[in-house]
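> Okay, so here is query-v9.cif, and as you'll see once you scroll down, it has mmCIF, C-alpha atoms and all ligand atoms.
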data_my_file
#
loop_
_atom_site.label_atom_id
_atom_site.label_comp_id
_atom_site.auth_asym_id
_atom_site.auth_seq_id
_atom_site.Cartn_x
_atom_site.Cartn_y
_atom_site.Cartn_z
CA MET A 1 32.12 7.84 -20.89
CA ALA A 2 30.17 8.56 -24.09
CA LEU A 3 26.45 8.11 -23.53
CA THR A 4 26.12 6.45 -26.91
CA ASP A 5 28.63 3.73 -26.05
CA ASP A 6 26.37 0.72 -25.50
CA THR A 7 29.19 -1.57 -24.38
CA ASP A 8 30.18 0.76 -21.58
CA ARG A 9 26.61 1.31 -20.59
CA ASP A 10 25.93 -2.44 -20.41
CA GLY A 11 29.06 -2.87 -18.31
CA GLN A 12 27.85 -0.21 -15.93
CA PHE A 13 24.43 -1.85 -15.53
CA THR A 14 25.97 -5.28 -15.00
CA ALA A 15 28.34 -3.90 -12.38
CA GLN A 16 25.41 -2.33 -10.50
CA LEU A 17 23.48 -5.60 -10.66
CA ARG A 18 26.50 -7.56 -9.38
CA HIS A 19 26.82 -5.08 -6.52
CA LEU A 20 23.17 -5.64 -5.57
CA GLU A 21 23.60 -9.41 -5.82
CA ARG A 22 26.71 -9.37 -3.62
CA HIS A 23 24.68 -7.55 -0.96
CA HIS A 24 21.69 -9.91 -1.33
CA LEU A 25 19.60 -7.03 -2.64
CA LEU A 26 18.99 -8.16 -6.21
CA ARG A 27 15.31 -8.46 -7.11
CA GLN A 28 13.98 -10.99 -9.59
CA PRO A 29 10.18 -11.27 -9.73
CA LYS A 30 8.89 -14.85 -9.73
CA SER A 31 6.84 -15.93 -12.74
CA LEU A 32 3.39 -17.27 -11.92
CA GLU A 33 1.72 -19.82 -14.17
CA SER A 34 -1.77 -19.17 -12.81
CA ALA A 35 -4.06 -16.37 -11.76
CA THR A 36 -3.42 -14.82 -8.35
CA GLY A 37 -5.29 -16.46 -5.46
CA PRO A 38 -4.74 -18.33 -2.18
CA VAL A 39 -2.80 -20.95 -4.17
CA VAL A 40 -0.67 -20.18 -7.22
CA SER A 41 1.47 -22.19 -9.60
CA ILE A 42 5.23 -21.50 -9.66
CA ASP A 43 7.69 -23.70 -11.58
CA GLY A 44 4.98 -26.29 -12.06
CA ARG A 45 4.22 -26.54 -8.33
CA GLN A 46 1.13 -25.41 -6.44
CA VAL A 47 2.17 -23.17 -3.55
CA ILE A 48 0.22 -21.20 -0.95
CA LEU A 49 0.49 -17.49 -1.72
CA LEU A 50 0.99 -15.30 1.36
CA ALA A 51 2.12 -12.23 -0.53
CA SER A 52 -0.80 -10.56 -2.26
CA ASN A 53 -2.66 -7.39 -1.25
CA ASP A 54 -5.83 -8.82 -2.79
CA TYR A 55 -7.11 -9.08 0.79
CA LEU A 56 -10.72 -9.91 -0.09
CA GLY A 57 -10.04 -12.15 -3.08
CA LEU A 58 -11.78 -9.70 -5.42
CA ALA A 59 -9.12 -9.74 -8.17
CA THR A 60 -10.66 -12.94 -9.55
CA HIS A 61 -14.27 -12.41 -8.43
CA PRO A 62 -16.75 -13.26 -11.22
CA ARG A 63 -18.70 -10.02 -10.72
CA LEU A 64 -15.61 -7.89 -11.20
CA ILE A 65 -14.59 -9.92 -14.25
CA GLN A 66 -18.07 -9.59 -15.73
CA ALA A 67 -18.13 -5.82 -15.09
CA ALA A 68 -14.71 -5.43 -16.74
CA VAL A 69 -15.73 -7.48 -19.78
CA GLN A 70 -19.00 -5.61 -20.18
CA ALA A 71 -17.29 -2.21 -19.89
CA THR A 72 -14.69 -3.28 -22.45
CA GLU A 73 -17.37 -4.41 -24.88
CA THR A 74 -19.28 -1.17 -24.45
CA PHE A 75 -16.50 1.41 -24.11
CA GLY A 76 -13.40 -0.26 -25.59
CA VAL A 77 -10.03 -1.12 -24.12
CA GLY A 78 -8.50 2.32 -23.66
CA ALA A 79 -9.76 5.70 -22.50
CA GLY A 80 -8.00 7.38 -25.44
CA ALA A 81 -6.40 10.32 -23.62
CA SER A 82 -6.37 12.32 -20.43
CA ARG A 83 -9.92 13.07 -19.33
CA LEU A 84 -9.12 16.77 -19.72
CA VAL A 85 -8.49 16.11 -23.40
CA SER A 86 -11.03 13.52 -24.54
CA GLY A 87 -13.66 13.63 -21.80
CA THR A 88 -14.83 11.37 -18.99
CA LEU A 89 -16.30 7.98 -19.89
CA PRO A 90 -19.37 6.70 -17.97
CA PRO A 91 -17.47 4.04 -15.90
CA HIS A 92 -15.12 6.69 -14.46
CA LYS A 93 -18.03 8.95 -13.59
CA GLU A 94 -19.91 6.06 -12.02
CA LEU A 95 -16.85 5.03 -10.00
CA GLU A 96 -16.29 8.53 -8.63
CA SER A 97 -19.96 8.79 -7.59
CA ALA A 98 -19.75 5.35 -5.94
CA LEU A 99 -16.55 6.27 -4.10
CA ALA A 100 -17.98 9.55 -2.80
CA ARG A 101 -21.13 7.74 -1.67
CA PHE A 102 -19.12 4.97 0.02
CA LYS A 103 -16.84 7.42 1.80
CA GLY A 104 -19.51 10.02 2.58
CA THR A 105 -17.60 12.83 0.85
CA GLU A 106 -18.74 15.45 -1.67
CA GLY A 107 -16.43 14.24 -4.36
CA ALA A 108 -13.85 11.74 -5.56
CA LEU A 109 -11.18 11.70 -8.26
CA VAL A 110 -9.67 8.59 -9.80
CA PHE A 111 -5.99 8.26 -10.75
CA GLY A 112 -4.19 5.55 -12.74
CA SER A 113 -2.39 4.18 -9.65
CA GLY A 114 -1.57 5.01 -6.06
CA TYR A 115 1.93 5.96 -7.06
CA LEU A 116 0.59 8.45 -9.59
CA ALA A 117 -1.96 9.82 -7.14
CA ASN A 118 0.71 10.61 -4.54
CA LEU A 119 3.04 12.14 -7.12
CA GLY A 120 0.23 14.48 -8.19
CA LEU A 121 -1.49 15.12 -4.91
CA ILE A 122 1.39 16.29 -2.73
CA PRO A 123 2.78 18.93 -5.10
CA ALA A 124 -0.81 20.13 -5.58
CA LEU A 125 -1.12 20.56 -1.80
CA ILE A 126 2.19 22.22 -1.03
CA GLY A 127 5.20 23.76 -2.75
CA SER A 128 8.48 25.45 -2.00
CA GLY A 129 8.07 27.61 1.07
CA GLY A 130 5.93 24.94 2.72
CA MET A 131 6.97 22.24 5.20
CA ILE A 132 6.14 18.54 5.15
CA PHE A 133 6.36 16.24 8.16
CA ALA A 134 6.21 12.58 7.16
CA ASP A 135 6.33 9.35 9.14
CA ARG A 136 9.71 7.68 8.69
CA LEU A 137 8.11 4.55 7.22
CA CYS A 138 5.87 6.28 4.68
CA HIS A 139 5.45 4.54 1.35
CA ALA A 140 7.98 5.38 -1.39
CA SER A 141 5.30 7.08 -3.50
CA LEU A 142 4.60 9.54 -0.67
CA ILE A 143 8.30 10.25 -0.24
CA ASP A 144 8.67 10.83 -3.97
CA GLY A 145 5.62 13.12 -3.96
CA CYS A 146 7.14 15.08 -1.07
CA ARG A 147 10.44 15.45 -2.92
CA LEU A 148 8.69 16.53 -6.09
CA SER A 149 6.76 19.23 -4.24
CA GLY A 150 9.88 21.24 -3.45
CA ALA A 151 8.66 21.79 0.12
CA GLU A 152 11.04 21.42 3.06
CA PHE A 153 10.77 17.81 4.15
CA ARG A 154 11.25 16.37 7.67
CA VAL A 155 10.58 12.86 8.93
CA PHE A 156 9.20 12.04 12.36
CA ARG A 157 9.87 8.77 14.18
CA HIS A 158 7.50 6.00 13.21
CA ARG A 159 4.03 6.60 14.75
CA ASP A 160 5.63 8.93 17.32
CA VAL A 161 3.23 11.83 17.83
CA SER A 162 5.41 13.40 20.55
CA HIS A 163 8.24 13.65 18.06
CA LEU A 164 5.86 15.05 15.45
CA GLU A 165 4.63 17.64 17.92
CA SER A 166 8.16 18.68 18.87
CA LEU A 167 8.95 19.24 15.17
CA LEU A 168 5.71 21.17 14.62
CA ARG A 169 6.42 23.34 17.65
CA ARG A 170 9.88 24.27 16.35
CA ARG A 171 8.66 25.04 12.83
CA PRO A 172 9.23 28.63 11.67
CA ALA A 173 6.09 30.75 11.99
CA ARG A 174 3.49 31.00 9.24
CA ARG A 175 4.84 28.17 7.10
CA ARG A 176 2.20 26.21 5.24
CA THR A 177 2.36 22.69 6.73
CA LEU A 178 1.43 19.20 5.60
CA ILE A 179 1.57 16.04 7.72
CA VAL A 180 1.91 12.87 5.64
CA THR A 181 1.34 9.30 6.78
CA ASP A 182 0.21 5.89 5.64
CA GLY A 183 -3.04 4.78 7.34
CA LEU A 184 -1.80 1.19 7.58
CA PHE A 185 1.92 0.82 6.93
CA SER A 186 2.55 -1.41 3.96
CA MET A 187 5.65 -3.19 5.23
CA ASP A 188 4.81 -3.24 8.97
CA GLY A 189 1.05 -3.72 9.04
CA ASP A 190 0.69 -1.32 11.96
CA ALA A 191 -1.57 1.72 12.00
CA ALA A 192 -0.87 5.44 12.21
CA PRO A 193 -2.37 7.08 15.32
CA LEU A 194 -4.79 9.16 13.27
CA SER A 195 -6.81 10.55 16.22
CA ASP A 196 -3.65 12.07 17.73
CA ILE A 197 -2.46 13.26 14.34
CA ALA A 198 -5.84 14.95 13.72
CA ILE A 199 -5.53 16.77 17.07
CA LEU A 200 -2.01 17.98 16.23
CA ALA A 201 -3.13 19.11 12.78
CA GLU A 202 -5.87 21.22 14.35
CA ARG A 203 -3.57 22.57 17.07
CA TYR A 204 -0.78 23.52 14.66
CA ASP A 205 -2.91 24.54 11.69
CA ALA A 206 -1.57 21.81 9.41
CA GLN A 207 -3.20 19.76 6.68
CA VAL A 208 -3.05 15.96 6.85
CA LEU A 209 -2.64 13.55 3.96
CA VAL A 210 -3.42 9.93 4.80
CA ASP A 211 -2.53 7.22 2.29
CA ASP A 212 -5.08 4.51 2.99
CA ALA A 213 -3.91 2.07 0.32
CA HIS A 214 -3.95 -0.90 2.70
CA GLY A 215 -6.80 0.21 4.98
CA THR A 216 -9.37 0.58 2.21
CA GLY A 217 -11.84 -2.31 2.29
CA VAL A 218 -10.07 -3.80 5.30
CA MET A 219 -10.27 -1.44 8.28
CA GLY A 220 -13.35 0.02 9.91
CA GLU A 221 -16.75 -1.42 10.65
CA ARG A 222 -17.89 -0.95 7.04
CA GLY A 223 -14.49 -1.28 5.38
CA ARG A 224 -14.17 2.44 4.70
CA GLY A 225 -10.60 2.33 5.98
CA THR A 226 -8.39 3.58 8.77
CA LEU A 227 -10.19 6.93 9.08
CA GLU A 228 -13.36 5.00 9.88
CA HIS A 229 -11.39 2.73 12.26
CA TRP A 230 -10.19 5.77 14.27
CA GLY A 231 -13.46 7.71 13.98
CA VAL A 232 -11.76 10.69 12.29
CA GLU A 233 -13.64 10.82 8.99
CA SER A 234 -15.17 14.19 9.84
CA ARG A 235 -11.88 15.63 11.12
CA ILE A 236 -9.58 14.78 8.21
CA PRO A 237 -11.32 16.33 5.21
CA PHE A 238 -9.59 14.45 2.38
CA HIS A 239 -7.47 11.35 1.90
CA MET A 240 -6.31 8.95 -0.78
CA GLY A 241 -6.40 5.18 -1.16
CA THR A 242 -5.89 2.61 -3.86
CA LEU A 243 -8.13 0.34 -5.91
CA GLY A 244 -5.44 -2.29 -6.51
CA LYS A 245 -5.40 -3.97 -3.12
CA ALA A 246 -8.57 -5.03 -1.24
CA LEU A 247 -10.67 -3.75 -4.15
CA GLY A 248 -8.94 -6.19 -6.47
CA GLY A 249 -8.28 -3.93 -9.49
CA ILE A 250 -5.96 -1.06 -10.34
CA GLY A 251 -5.98 2.67 -9.78
CA ALA A 252 -6.37 5.06 -6.89
CA TYR A 253 -8.78 7.62 -5.53
CA VAL A 254 -8.77 10.88 -3.66
CA VAL A 255 -11.95 11.72 -1.78
CA GLY A 256 -12.85 15.05 -0.22
CA PRO A 257 -14.79 18.30 -0.58
CA ALA A 258 -16.04 19.19 -4.09
CA SER A 259 -13.84 22.31 -4.24
CA PHE A 260 -10.75 20.25 -3.44
CA ILE A 261 -11.56 17.72 -6.14
CA ALA A 262 -12.11 20.53 -8.69
CA TYR A 263 -8.78 22.02 -7.59
CA LEU A 264 -6.98 18.70 -8.14
CA ILE A 265 -8.49 18.34 -11.61
CA ASN A 266 -6.75 21.62 -12.41
CA THR A 267 -3.46 21.11 -10.57
CA ALA A 268 -2.56 17.43 -10.05
CA ARG A 269 -0.20 16.84 -12.94
CA SER A 270 -0.43 13.04 -12.70
CA PHE A 271 -4.16 13.41 -13.38
CA MET A 272 -3.87 16.11 -16.02
CA PHE A 273 -1.08 14.76 -18.18
CA THR A 274 -1.72 11.03 -18.37
CA THR A 275 -4.21 8.78 -20.13
CA ALA A 276 -7.21 7.90 -17.96
CA PRO A 277 -7.33 4.31 -16.66
CA PRO A 278 -9.14 1.73 -18.82
CA PRO A 279 -12.96 1.71 -18.59
CA ALA A 280 -12.72 -1.96 -17.53
CA SER A 281 -10.74 -1.17 -14.40
CA ALA A 282 -13.17 1.59 -13.37
CA ALA A 283 -16.15 -0.72 -13.89
CA ALA A 284 -14.45 -3.50 -11.91
CA SER A 285 -13.90 -1.10 -9.00
CA VAL A 286 -17.60 -0.12 -9.05
CA ALA A 287 -18.44 -3.83 -8.73
CA ALA A 288 -15.87 -4.21 -5.94
CA LEU A 289 -17.42 -1.37 -3.92
CA ALA A 290 -20.83 -3.01 -4.25
CA ILE A 291 -19.40 -6.30 -2.92
CA LEU A 292 -17.76 -4.49 0.02
CA GLU A 293 -21.17 -3.20 1.02
CA THR A 294 -23.17 -6.36 0.40
CA GLU A 295 -20.74 -9.07 1.53
CA PRO A 296 -19.35 -8.01 4.93
CA GLU A 297 -18.71 -11.72 5.62
CA ARG A 298 -15.61 -11.44 3.42
CA ARG A 299 -14.12 -8.98 5.88
CA ALA A 300 -15.13 -11.23 8.79
CA ARG A 301 -13.33 -14.18 7.12
CA LEU A 302 -10.28 -11.99 6.52
CA TRP A 303 -10.03 -11.05 10.20
CA ALA A 304 -10.58 -14.65 11.35
CA ASN A 305 -7.78 -15.77 9.00
CA ARG A 306 -5.57 -12.98 10.21
CA ARG A 307 -6.04 -14.09 13.85
CA HIS A 308 -5.32 -17.72 12.89
CA LEU A 309 -2.06 -16.93 11.11
CA PHE A 310 -0.83 -14.22 13.50
CA SER A 311 -1.32 -16.33 16.63
CA GLY A 312 0.13 -19.39 14.86
CA LEU A 313 3.31 -17.53 13.89
CA ARG A 314 3.71 -16.06 17.36
CA THR A 315 3.16 -19.49 18.97
CA LEU A 316 5.87 -20.93 16.74
CA GLY A 317 8.24 -18.34 18.20
CA PHE A 318 8.59 -15.91 15.31
CA THR A 319 8.99 -12.20 15.96
CA THR A 320 6.46 -10.00 14.22
CA THR A 321 5.96 -6.25 14.08
CA ASP A 322 3.15 -4.54 16.05
CA SER A 323 0.83 -5.39 13.17
CA LEU A 324 -2.88 -5.12 13.75
CA SER A 325 -3.80 -5.94 10.17
CA PRO A 326 -3.67 -8.71 7.53
CA ILE A 327 -0.07 -7.65 6.85
CA ILE A 328 1.98 -9.78 9.26
CA PRO A 329 5.72 -9.14 8.80
CA VAL A 330 8.00 -11.81 10.28
CA LEU A 331 11.20 -10.03 11.27
CA ILE A 332 14.45 -11.72 10.28
CA GLY A 333 17.22 -9.07 10.28
CA GLU A 334 19.88 -9.36 7.60
CA ALA A 335 18.86 -9.43 3.94
CA GLU A 336 20.76 -12.66 3.32
CA ARG A 337 18.86 -14.55 6.02
CA ALA A 338 15.51 -13.15 4.90
CA LEU A 339 16.26 -14.35 1.37
CA ALA A 340 17.25 -17.79 2.67
CA MET A 341 14.00 -17.96 4.65
CA ALA A 342 11.93 -17.05 1.59
CA GLU A 343 13.69 -19.78 -0.39
CA LYS A 344 13.11 -22.37 2.35
CA LEU A 345 9.46 -21.39 2.58
CA LEU A 346 9.08 -21.88 -1.15
CA GLU A 347 10.69 -25.32 -0.86
CA HIS A 348 8.10 -26.13 1.80
CA GLY A 349 5.22 -24.87 -0.36
CA VAL A 350 4.69 -21.21 0.65
CA TYR A 351 5.39 -18.14 -1.43
CA ALA A 352 6.03 -15.13 0.81
CA PRO A 353 8.72 -12.70 -0.28
CA ALA A 354 11.77 -11.38 1.53
CA ILE A 355 11.46 -7.62 1.89
CA ARG A 356 14.84 -5.95 2.04
CA PRO A 357 16.39 -2.47 1.89
CA PRO A 358 15.65 0.01 0.46
CA THR A 359 12.01 -1.02 0.95
CA VAL A 360 12.66 -1.41 4.71
CA PRO A 361 15.47 0.00 6.88
CA LYS A 362 18.79 -1.89 6.96
CA GLY A 363 18.87 -4.76 9.47
CA THR A 364 15.09 -5.15 9.44
CA SER A 365 14.68 -7.47 6.45
CA ARG A 366 11.62 -9.59 6.82
CA ILE A 367 9.17 -12.00 5.32
CA ARG A 368 6.09 -9.95 4.54
CA VAL A 369 3.18 -12.28 5.11
CA THR A 370 -0.26 -11.23 3.95
CA VAL A 371 -3.42 -13.22 4.41
CA THR A 372 -6.72 -13.00 2.55
CA SER A 373 -10.35 -13.88 3.20
CA GLU A 374 -10.00 -16.71 0.67
CA HIS A 375 -7.37 -18.83 2.42
CA THR A 376 -8.91 -21.94 4.01
CA SER A 377 -8.02 -23.07 7.55
CA GLU A 378 -6.25 -26.09 6.02
CA GLN A 379 -4.12 -23.82 3.85
CA LEU A 380 -3.21 -21.67 6.84
CA ASP A 381 -2.28 -24.75 8.89
CA ALA A 382 -0.15 -26.01 5.99
CA ALA A 383 1.48 -22.56 5.75
CA LEU A 384 2.27 -22.59 9.49
CA GLU A 385 3.82 -26.03 9.13
CA ALA A 386 6.00 -24.66 6.30
CA PHE A 387 7.06 -21.77 8.55
CA ARG A 388 7.88 -24.22 11.35
CA LYS A 389 10.07 -26.35 9.07
CA ALA A 390 11.78 -23.38 7.38
CA GLY A 391 12.33 -21.64 10.72
CA LYS A 392 13.92 -24.81 12.18
CA ASP A 393 16.05 -25.36 9.04
CA LEU A 394 17.52 -21.89 9.49
CA GLY A 395 17.70 -21.92 13.28
CA LEU A 396 15.30 -18.98 13.58
CA ILE A 397 13.00 -20.73 16.06
N1 LIG B 1 0.73 3.70 -1.06
C1 LIG B 1 0.99 2.58 -0.35
C2 LIG B 1 0.95 2.65 1.14
C3 LIG B 1 1.26 1.38 -1.01
O1 LIG B 1 1.54 0.27 -0.31
C4 LIG B 1 1.27 1.36 -2.42
C5 LIG B 1 1.54 0.10 -3.22
N2 LIG B 1 2.35 -0.82 -2.69
C6 LIG B 1 1.02 2.55 -3.10
C7 LIG B 1 0.73 3.70 -2.40
C8 LIG B 1 1.05 2.60 -4.59
O2 LIG B 1 -0.15 2.15 -5.08
P1 LIG B 1 -0.24 1.53 -6.54
O3 LIG B 1 0.26 0.12 -6.41
O4 LIG B 1 -1.67 1.62 -6.90
O5 LIG B 1 0.64 2.36 -7.40
#
Please rewrite the model in this file as structure tokens.

Amino acid sequence: MALTDDTDRDGQFTAQLRHLERHHLLRQPKSLESATGPVVSIDGRQVILLASNDYLGLATHPRLIQAAVQATETFGVGAGASRLVSGTLPPHKELESALARFKGTEGALVFGSGYLANLGLIPALIGSGGMIFADRLCHASLIDGCRLSGAEFRVFRHRDVSHLESLLRRRPARRRTLIVTDGLFSMDGDAAPLSDIAILAERYDAQVLVDDAHGTGVMGERGRGTLEHWGVESRIPFHMGTLGKALGGIGAYVVGPASFIAYLINTARSFMFTTAPPPASAAASVAALAILETEPERRARLWANRRHLFSGLRTLGFTTTDSLSPIIPVLIGEAERALAMAEKLLEHGVYAPAIRPPTVPKGTSRIRVTVTSEHTSEQLDAALEAFRKAGKDLGLI
């Protein structure tokens, strides 16, 4: 088929889309008519949103908005180029200092997104000749980073440190080794056993990369993330996380020793060869970090809401994963049924998406419920009632 033949190409795309639709795997993002929040407008109706990673409601916080507006007025809309080309603007510098202070590390480096950070970070850490051991349920951006690195890539069973150890033990001698895991798993809401992983890393002379996208701002006494939760901040020298979830904005960070950060500036291609994030997003993240430190009550409300919804769903008879976080996946099974459940929920006033393969393994399609600090008890009760009705309609409970 000639590549220039548009008719053929269109036919090919349509056929692929039909194939996805037949298997209930077609994705069509819903259009919102409002800002994100505990309640959003879809098709002219107000529905309770149980789908966002804006765990602390900071995406619409007036202080973040003000910081973004002020930075835009002062520094403009765009950064102009990669920081290696046109220099670092004050908001980026301020954000990296604030992140290092918050995390208690020597340095920090900001990337345009978590996806970009992982694509740059992993190949900077390891290359062909090295070996990567990754949890089976690692985020797609970690898997893609692993593939891009050219290192030999093995998966260990989800959160199974015995399996990880058996793979490490059988590894050929003197191979550079990297263990890769999410801190909190994005589609399961459960946590990686970081204390055990840190012990194995020390025993087998491996480096560890934790992706704390979902733990940042949520886990740990002070919201520093899953490393704080497990008490391993001093044992795992660097990690990454994102600014687009509990911190309400966009972007990602790597924190660690100053030499490591300087090394990344010179080797992480997704930092070197892309335009720096907008000054507004960096300034908004600085404001978000300040709120994390000064308003711990947001985290307390988040955890109270999480308990409310989790116990309510369990009491109704739904099956959840071993979640210990504000991500509460309700397991359904086949993609078709998960889609039907999401549609019923929407009819009953709740927007929570069906998560299907390839995002999750086949046969484990689910409704990924997330809760935030900003949902009221009344909204959560209304959401549980919607789950009860939808679950009964479909014979799930
Ligand atoms: N890592 C994990 C665990 C994630 O869940 C996500 C986003 N869903 C990312 C990385 C990518 O982050 P970003 O959205 O900033 O690209």
> With 7 Å as the threshold, what does the neighbourhood of (11.5, 14.1, 8.8) contain in terms of residues, counting only C-alpha atoms? Coordinates are those of the file; answer as an NGL selection string.
:A and (133-134 or 136 or 153-156)
> Using all atoms listed in the file, which residues sit within 9 Å of stretch 68-77 of chain A once same-chain residues fewer than 3 positions away are excluded, as a ChimeraX atom specification?
/A:63-65,80,89-91,278-285,287
> In terms of the shortest atom-to-atom distance over only C-alpha atoms, which of A:Gly11, A:Gly130, A:Gly363, A:Pro62 is closest to A:Arg147?
A:Gly130
> With a distance cut-off of 8 Å and only C-alpha atoms, select the neighbouring residues of A:Leu121, excluding the residue or stretch itself and same-chain residues fewer than 2 positions from it, and output the selection as number ranges by chain.
A: 117-119, 123-125, 145, 264, 268
> For ligand LIG 1 (chain B), which of A:Arg101, A:Arg18, A:Arg388, A:Lys245 is the closest residue, counting only C-alpha atoms and all ligand atoms?
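The answer is A:Lys245, which sits nearest to ligand LIG 1 (chain B).
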> Pick out the residues sitting within 9 Å of stretch 30-41 of chain A, and hand them over as a list of chain:residue names; count all atoms listed in the file, and ignore anything fewer than 2 positions along from it in its own chain.
A:Gln28, A:Asp43, A:Gly44, A:Arg45, A:Gln46, A:Val47, A:Ile48, A:Leu49, A:Leu50, A:Ser52, A:Asp54, A:Gly57, A:Ala59, A:Thr60, A:Val350, A:Tyr351, A:Val371, A:Thr372, A:Ser373, A:Glu374, A:His375, A:Thr376, A:Gln379
> Go through the chains and note each residue within 10 Å of ligand LIG 1 (chain B), using all atoms listed in the file, then give the set as a PyMOL selection string.
chain A and resi 53+111-119+137-142+181-187+210-215+240-245+249-253
> Have a look at atom CA of A:Arg222 and atom CA of A:Gly312 and let me know their distance in Å, one decimal.
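Result for atom CA of A:Arg222 versus atom CA of A:Gly312: 26.9 Å, one decimal.
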> Residues within 8 Å of A:Leu380, please, as a VMD selection string. Count only C-alpha atoms; anything in the same chain fewer than 6 positions from it doesn't count.
chain A and resid 305 308 to 309
> Store the residues of this selection in a file with C-alpha atoms, as a PDB file, in the frame of the given file.

ATOM      1  CA  ASN A 305      -7.780 -15.770   9.000  1.00  0.00           C
ATOM      2  CA  HIS A 308      -5.320 -17.720  12.890  1.00  0.00           C
ATOM      3  CA  LEU A 309      -2.060 -16.930  11.110  1.00  0.00           C
TER       4      LEU A 309
END
> Figure out the distance between atom CA of A:Ala340 and atom CA of A:Asp188, please, to one decimal in Å.
20.2 Å
> Have a look at A:Arg301, A:His348, A:Arg366, A:Arg224 and name the one nearest to A:Thr319; count all atoms listed in the file.
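Counting all atoms listed in the file, the residue closest to A:Thr319 is A:Arg366.
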> Which value, in Å to one decimal, gives the distance between atom CA of A:Gly225 and atom CA of A:Leu194?
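Going from atom CA of A:Gly225 over to atom CA of A:Leu194, I get 11.6 Å.
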> With distances taken over only C-alpha atoms, which of A:Val218, A:Val180, A:Ala51, A:Ala304 is nearest to A:Pro353?
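Smallest separation from A:Pro353 among the options: A:Ala51.
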> Residues near A:Arg157, anyone? I mean within 7 Å using all atoms listed in the file, not counting same-chain ones fewer than 3 positions away, as a PyMOL selection string.
chain A and resi 135-136+160+163
> Go through A:Ile236, A:Met341, A:Leu56, A:Ile265 and flag the residue nearest A:Leu292, using only C-alpha atoms for the distances.
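Nearest candidate to A:Leu292 out of A:Ile236, A:Met341, A:Leu56, A:Ile265: A:Leu56.
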